[in-house]
Amino acid sequence: MQVFAALMMKGQMTKLAPVDILILALYFALVVFIGFYAKGKANTSEDFFLAGREMTAWIAGLSFVSANLGSLELMGWAGAAYQYGILATHWYWIGAIPAMLFLGIVMMPFYYISKTHSVPGYLQLRFGEGARGLSAISFGVMTILMSGVNMYAMAVVMQTVLGWNISFSIWVGAATVALYVMLGGLRSAIINEVLQFVLIWAGAAMIPILGLIEAGGWTNLKAQIAANVGSRDYTHLWSTLGSFKDNPMGVHWTGIVFGLGFVISFGYWTTDFLVVQRVLSANNLRAAKMAPIIGAAFKMAVPFIVIVPGLLALAVLKNPDGSVMHLVPASIAKVTGQHSYDDVLPLMLIRYCGPGLLGLGITALVAGFMSGMAGNVSAFSTVWTYDIYGAFINKKASDKHYVAMGRWSTVVGMLVSVATAYLVMNAASIMDYVQALFTFFIAPLFGTVILGMLWKRATHAGGFWGLLAGTVSSIGMFIWTHSDPGALRYIALSPNAKPMAENLYRGLWCWLICVGVTVVVSFMTKPVPAEKLGGLVYGVTPIPHDGSTTLWQKPMFWAIVVITVFFILNLMLW
Amino acid sequence: MSDKHDVETAELSIWFFCGILMLAYGVVLIITGLMEFHHPPPTVLADLHPTLWWGLLMALFGAVYTIRYRPKHLF
């Protein structure tokens, strides 16, 4: 225990033993091997950008959920669980499960039978080149910036936990990811994502298991948290959401249900090409419908390795003198030398994991970071090659040329990401803005896509202007609340709202603006002839049978099973 | 099966990669866990020997997947 306490002092948290380095080295050797192995199977553009559309439902489903399971997210939400309690679980349950099931059952048939290569590609088929261009350029820029943020975050974690040089982490991570994505394309990225999913569970599951043993079970854990923080609000999912004042997050159930559960969640899980690309790689319509449902089932289990460690930290983390350890926001931690909220997962890892298990946990974090970068860069190279280069710069090149362009754009994208990482290193506030940028586009894009799929009267002009109006209004509200914090009371409709509520209500309003403008402009413009909407819109598209014969093969049956478990879990933790 | 490669049954399956890595990690953890009987790590609950138990579980999981999805032409 004395050594553990000493490691908790300032500076690096711990150091790796030779066995930990062996575990890390084995992982790097395998991912590079996978890159070379997959290269032989990435000869055509369909192979390189969509893994040949050969993936089974299980592989596409695990890859789908894994693409979103980056370490930045794991560490951030473990920290959020420490800061806000079990409310952070909403981002994994109501903020994901209904949307994933909706994607599988309702939207996937349209994406799949339209044979589009990307979400901007669907927008081109449904709304024309304007909507595609706007969506592709915003997605491309944001994706590559996000990859840089991910890279920088990995380097900071490695420096904080292990004392590694930031440039070393950035270049080793970038070179490895660029190599295996450039060689094997999406197939290589998907294999590594499935591997990463298994690794994350192998590396992180010991924390909640040993933590719950130490705390004496779930009931004792809740009692200890209530005693340490002086409130029982940290372990209830819904009962504290009746008022902005009653919960640590300062949010209201309307924001969670409509802002997060409907607009932001549906926007991310059904229109962000980073995740949708994984499902498009499925080998048939039934697999494409089942993949998000399988992903949803696994997503429901993720709070066990993310949220539970954050809650455990509230109960078991102690200072060397035996008093309860208090983690603080990163801005305060820099000044005082205390640990920040985002340090929760590494702190808990070091608490329970000795040599070997520690290496496994660190490898899981590295795998998560690299997988996040690979997801971003593979989605970027697809959208760049198909929806920007192939659509606006060189429309008639050979398939071989587009594969070469995909490989080169992977390398260039990674170099831009490295530049972004260094930019963020010199101006940390950029990181917050880059992360916020994603929320500008996701909610309105969902409005455009869902109207395009379900409403045949939506026109090309309606789709373009709706998307533009929604995006501009989101940026406007962001600037308003950041230049005048008092504006939050108008966005969230309550003077008691806290900053977490801003994102939820901004998403809701900009989605409504997007839908409103799309509807009004569509009624003012000439409808698209029905014969041009075949395969794209509900009502004019005969949905082919997915080939399931027994009850066990039907995607709808498994969707009902997943949503039933979802309701039971929410009621149990009410 | 179609003419295309099926990743489940191609020469090297995704599950084989998972299995072989978990098996390798399991073996490393078992050896480390056995050594910890003489040099226990300075971690909380080290007396439960989590490294050894987790290593056994991973080795079992890894062995099942490695054998089940091994490339047929090599064995």
# chains A, B, ... in the order shown; residues from 1 in each chain; ligands from 1
>>> select_by_dssp(residues="range 116-359 of chain A", states="alpha helix (DSSP H)", output="ChimeraX atom specification")
/A:119-127,129-162,166-204,206-215,218-229,253-254,265-271,273-280,285-301,303-316,330-336,344-352,357-359
>>> interface_residues(of="chain A", to="chain B", cutoff="6 Å", atoms="only C-alpha atoms", output="list in words")
Met1, Ile191, Leu195, Arg351, Tyr352, Gly354 and Gly356 of chain A
>>> residues_around(residues="range 64-66 of chain B", least_positions_apart="2", cutoff="7 Å", atoms="only C-alpha atoms", output="ChimeraX atom specification")
/B:15-16,19-20,60-62,68-70
>>> residues_around(residues="range 544-549 of chain A", least_positions_apart="6", cutoff="8 Å", atoms="only C-alpha atoms", output="JSON list (two decimals) with C-alpha atoms, in the first residue's frame")
[["chain", "number", "residue", "atom", "x", "y", "z"],
["A", 284, "ASN", "CA", -26.46, -9.16, -46.59],
["A", 285, "LEU", "CA", -29.55, -7.20, -45.56],
["A", 286, "ARG", "CA", -30.30, -9.37, -42.51]]
>>> closest_residue(among="A:Ala131, A:Ile137, A:Ala315, A:Val377", to="Val449 in chain A", atoms="only C-alpha atoms")
A:Ala131
>>> residues_around(residues="His90 in chain A", least_positions_apart="6", cutoff="12 Å", atoms="only C-alpha atoms", output="VMD selection string")
chain A and resid 77 80 to 81 84 96 to 98 236 to 238 241 249 251 253 255 to 257 259 to 261 265 299 to 300 302 to 303 307 566 569 to 570 573 to 574
>>> closest_residue(among="A:Ile200, A:Leu74, A:Ile293, A:Ile442", to="Tyr268 in chain A", atoms="only C-alpha atoms")
A:Ile442
>>> closest_residue(among="A:Leu312, A:Ser71, A:Gly359, A:Ile491", to="Ala215 in chain A", atoms="only C-alpha atoms")
A:Leu312
>>> closest_residue(among="A:Val366, A:Val521, A:Val19, A:Met572", to="Ser239 in chain A", atoms="only C-alpha atoms")
A:Met572
>>> residues_around(residues="range 339-346 of chain A", least_positions_apart="2", cutoff="10 Å", atoms="only C-alpha atoms", output="NGL selection string")
:A and (8-10 or 13-14 or 72-83 or 157 or 160-161 or 204 or 207 or 305-307 or 309-314 or 317 or 325-334 or 336-337 or 348-351 or 358 or 361-362 or 365)
>>> residues_around(residues="Thr420 in chain A", least_positions_apart="2", cutoff="9 Å", atoms="only C-alpha atoms", output="ChimeraX atom specification")
/A:144-149,151-152,415-418,422-425
>>> write_last_selection(atoms="N, CA and C atoms", output="short mmCIF file (atom, residue, chain, number, x, y, z; two decimals), in the first residue's frame")
data_model
loop_
_atom_site.label_atom_id
_atom_site.label_comp_id
_atom_site.auth_asym_id
_atom_site.auth_seq_id
_atom_site.Cartn_x
_atom_site.Cartn_y
_atom_site.Cartn_z
N ILE A 144 -11.02 14.57 -39.33
CA ILE A 144 -9.56 14.58 -39.28
C ILE A 144 -9.08 15.41 -38.09
N LEU A 145 -9.80 16.46 -37.76
CA LEU A 145 -9.45 17.23 -36.55
C LEU A 145 -9.67 16.38 -35.30
N MET A 146 -10.74 15.61 -35.31
CA MET A 146 -11.05 14.75 -34.16
C MET A 146 -9.97 13.69 -33.98
N SER A 147 -9.45 13.18 -35.10
CA SER A 147 -8.38 12.20 -35.03
C SER A 147 -7.16 12.80 -34.34
N GLY A 148 -6.88 14.07 -34.66
CA GLY A 148 -5.75 14.77 -34.03
C GLY A 148 -5.96 14.95 -32.54
N VAL A 149 -7.20 15.27 -32.15
CA VAL A 149 -7.52 15.44 -30.74
C VAL A 149 -7.32 14.12 -30.00
N MET A 151 -5.36 11.72 -30.85
CA MET A 151 -3.92 11.44 -30.82
C MET A 151 -3.25 12.20 -29.66
N TYR A 152 -3.61 13.47 -29.53
CA TYR A 152 -3.04 14.29 -28.47
C TYR A 152 -3.47 13.75 -27.09
N LEU A 415 -1.22 12.74 -41.37
CA LEU A 415 -0.27 13.84 -41.17
C LEU A 415 -0.99 15.11 -40.70
N VAL A 416 -2.19 15.36 -41.27
CA VAL A 416 -2.97 16.52 -40.82
C VAL A 416 -3.38 16.32 -39.36
N SER A 417 -3.70 15.07 -39.01
CA SER A 417 -4.06 14.77 -37.62
C SER A 417 -2.89 15.05 -36.68
N VAL A 418 -1.69 14.66 -37.11
CA VAL A 418 -0.49 14.91 -36.30
C VAL A 418 -0.32 16.42 -36.11
N TYR A 422 -0.35 18.67 -32.56
CA TYR A 422 0.64 19.65 -32.10
C TYR A 422 -0.02 21.02 -31.88
N LEU A 423 -1.02 21.32 -32.72
CA LEU A 423 -1.75 22.58 -32.57
C LEU A 423 -2.48 22.59 -31.22
N VAL A 424 -3.13 21.47 -30.91
CA VAL A 424 -3.85 21.35 -29.64
C VAL A 424 -2.88 21.42 -28.46
N MET A 425 -1.67 20.86 -28.67
CA MET A 425 -0.67 20.87 -27.60
C MET A 425 -0.30 22.31 -27.22
#
>>> atom_distance(atom1="CA of Gly217 in chain A", atom2="CA of Lys318 in chain A")
18.4 Å
>>> atom_distance(atom1="CA of Tyr234 in chain A", atom2="CA of Pro248 in chain A")
7.4 Å
>>> closest_residue(among="A:Leu134, A:Leu551, A:Ile388, A:Ile513", to="Tyr402 in chain A", atoms="only C-alpha atoms")
A:Ile388
>>> atom_distance(atom1="CA of Trp455 in chain A", atom2="CA of Phe523 in chain A")
11.9 Å
>>> decode(residues="range 511-533 of chain A", atoms="N, CA and C atoms", output="PDB file, in the first residue's frame")
ATOM      1  N   TRP A 511     -32.284  20.859 -34.470  1.00  0.00           N
ATOM      2  CA  TRP A 511     -32.979  19.808 -35.223  1.00  0.00           C
ATOM      3  C   TRP A 511     -34.354  20.315 -35.654  1.00  0.00           C
ATOM      4  N   LEU A 512     -35.059  20.973 -34.717  1.00  0.00           N
ATOM      5  CA  LEU A 512     -36.387  21.498 -35.042  1.00  0.00           C
ATOM      6  C   LEU A 512     -36.295  22.557 -36.135  1.00  0.00           C
ATOM      7  N   ILE A 513     -35.245  23.399 -36.070  1.00  0.00           N
ATOM      8  CA  ILE A 513     -35.069  24.429 -37.113  1.00  0.00           C
ATOM      9  C   ILE A 513     -34.799  23.761 -38.460  1.00  0.00           C
ATOM     10  N   CYS A 514     -33.947  22.738 -38.466  1.00  0.00           N
ATOM     11  CA  CYS A 514     -33.643  22.017 -39.701  1.00  0.00           C
ATOM     12  C   CYS A 514     -34.918  21.418 -40.295  1.00  0.00           C
ATOM     13  N   VAL A 515     -35.712  20.743 -39.447  1.00  0.00           N
ATOM     14  CA  VAL A 515     -36.938  20.102 -39.926  1.00  0.00           C
ATOM     15  C   VAL A 515     -37.924  21.165 -40.428  1.00  0.00           C
ATOM     16  N   GLY A 516     -38.067  22.248 -39.654  1.00  0.00           N
ATOM     17  CA  GLY A 516     -38.997  23.308 -40.042  1.00  0.00           C
ATOM     18  C   GLY A 516     -38.630  23.914 -41.384  1.00  0.00           C
ATOM     19  N   VAL A 517     -37.366  24.274 -41.562  1.00  0.00           N
ATOM     20  CA  VAL A 517     -36.929  24.900 -42.822  1.00  0.00           C
ATOM     21  C   VAL A 517     -37.074  23.904 -43.987  1.00  0.00           C
ATOM     22  N   THR A 518     -36.720  22.635 -43.744  1.00  0.00           N
ATOM     23  CA  THR A 518     -36.848  21.635 -44.806  1.00  0.00           C
ATOM     24  C   THR A 518     -38.303  21.514 -45.258  1.00  0.00           C
ATOM     25  N   VAL A 519     -39.231  21.480 -44.298  1.00  0.00           N
ATOM     26  CA  VAL A 519     -40.652  21.324 -44.629  1.00  0.00           C
ATOM     27  C   VAL A 519     -41.149  22.553 -45.404  1.00  0.00           C
ATOM     28  N   VAL A 520     -40.836  23.752 -44.891  1.00  0.00           N
ATOM     29  CA  VAL A 520     -41.331  24.975 -45.536  1.00  0.00           C
ATOM     30  C   VAL A 520     -40.765  25.108 -46.951  1.00  0.00           C
ATOM     31  N   VAL A 521     -39.440  24.932 -47.097  1.00  0.00           N
ATOM     32  CA  VAL A 521     -38.819  25.087 -48.415  1.00  0.00           C
ATOM     33  C   VAL A 521     -39.325  24.000 -49.380  1.00  0.00           C
ATOM     34  N   SER A 522     -39.534  22.787 -48.851  1.00  0.00           N
ATOM     35  CA  SER A 522     -40.018  21.701 -49.714  1.00  0.00           C
ATOM     36  C   SER A 522     -41.398  22.030 -50.275  1.00  0.00           C
ATOM     37  N   PHE A 523     -42.291  22.600 -49.436  1.00  0.00           N
ATOM     38  CA  PHE A 523     -43.622  22.948 -49.924  1.00  0.00           C
ATOM     39  C   PHE A 523     -43.573  24.103 -50.923  1.00  0.00           C
ATOM     40  N   MET A 524     -42.501  24.893 -50.864  1.00  0.00           N
ATOM     41  CA  MET A 524     -42.380  26.034 -51.784  1.00  0.00           C
ATOM     42  C   MET A 524     -41.705  25.630 -53.096  1.00  0.00           C
ATOM     43  N   THR A 525     -41.157  24.423 -53.154  1.00  0.00           N
ATOM     44  CA  THR A 525     -40.433  24.012 -54.364  1.00  0.00           C
ATOM     45  C   THR A 525     -41.089  22.783 -54.987  1.00  0.00           C
ATOM     46  N   LYS A 526     -40.662  22.497 -56.217  1.00  0.00           N
ATOM     47  CA  LYS A 526     -41.299  21.444 -57.014  1.00  0.00           C
ATOM     48  C   LYS A 526     -40.936  20.062 -56.467  1.00  0.00           C
ATOM     49  N   PRO A 527     -41.953  19.190 -56.268  1.00  0.00           N
ATOM     50  CA  PRO A 527     -41.643  17.871 -55.714  1.00  0.00           C
ATOM     51  C   PRO A 527     -40.773  17.026 -56.647  1.00  0.00           C
ATOM     52  N   VAL A 528     -40.010  16.114 -56.049  1.00  0.00           N
ATOM     53  CA  VAL A 528     -39.197  15.186 -56.840  1.00  0.00           C
ATOM     54  C   VAL A 528     -40.134  14.094 -57.368  1.00  0.00           C
ATOM     55  N   PRO A 529     -40.072  13.771 -58.671  1.00  0.00           N
ATOM     56  CA  PRO A 529     -40.950  12.718 -59.205  1.00  0.00           C
ATOM     57  C   PRO A 529     -40.756  11.403 -58.443  1.00  0.00           C
ATOM     58  N   ALA A 530     -41.876  10.712 -58.186  1.00  0.00           N
ATOM     59  CA  ALA A 530     -41.829   9.492 -57.370  1.00  0.00           C
ATOM     60  C   ALA A 530     -40.889   8.443 -57.959  1.00  0.00           C
ATOM     61  N   GLU A 531     -40.796   8.394 -59.299  1.00  0.00           N
ATOM     62  CA  GLU A 531     -39.953   7.356 -59.918  1.00  0.00           C
ATOM     63  C   GLU A 531     -38.463   7.569 -59.621  1.00  0.00           C
ATOM     64  N   LYS A 532     -38.102   8.785 -59.206  1.00  0.00           N
ATOM     65  CA  LYS A 532     -36.697   9.041 -58.866  1.00  0.00           C
ATOM     66  C   LYS A 532     -36.382   8.742 -57.394  1.00  0.00           C
ATOM     67  N   LEU A 533     -37.421   8.356 -56.641  1.00  0.00           N
ATOM     68  CA  LEU A 533     -37.218   8.134 -55.200  1.00  0.00           C
ATOM     69  C   LEU A 533     -37.157   6.653 -54.833  1.00  0.00           C
TER      70      LEU A 533
END
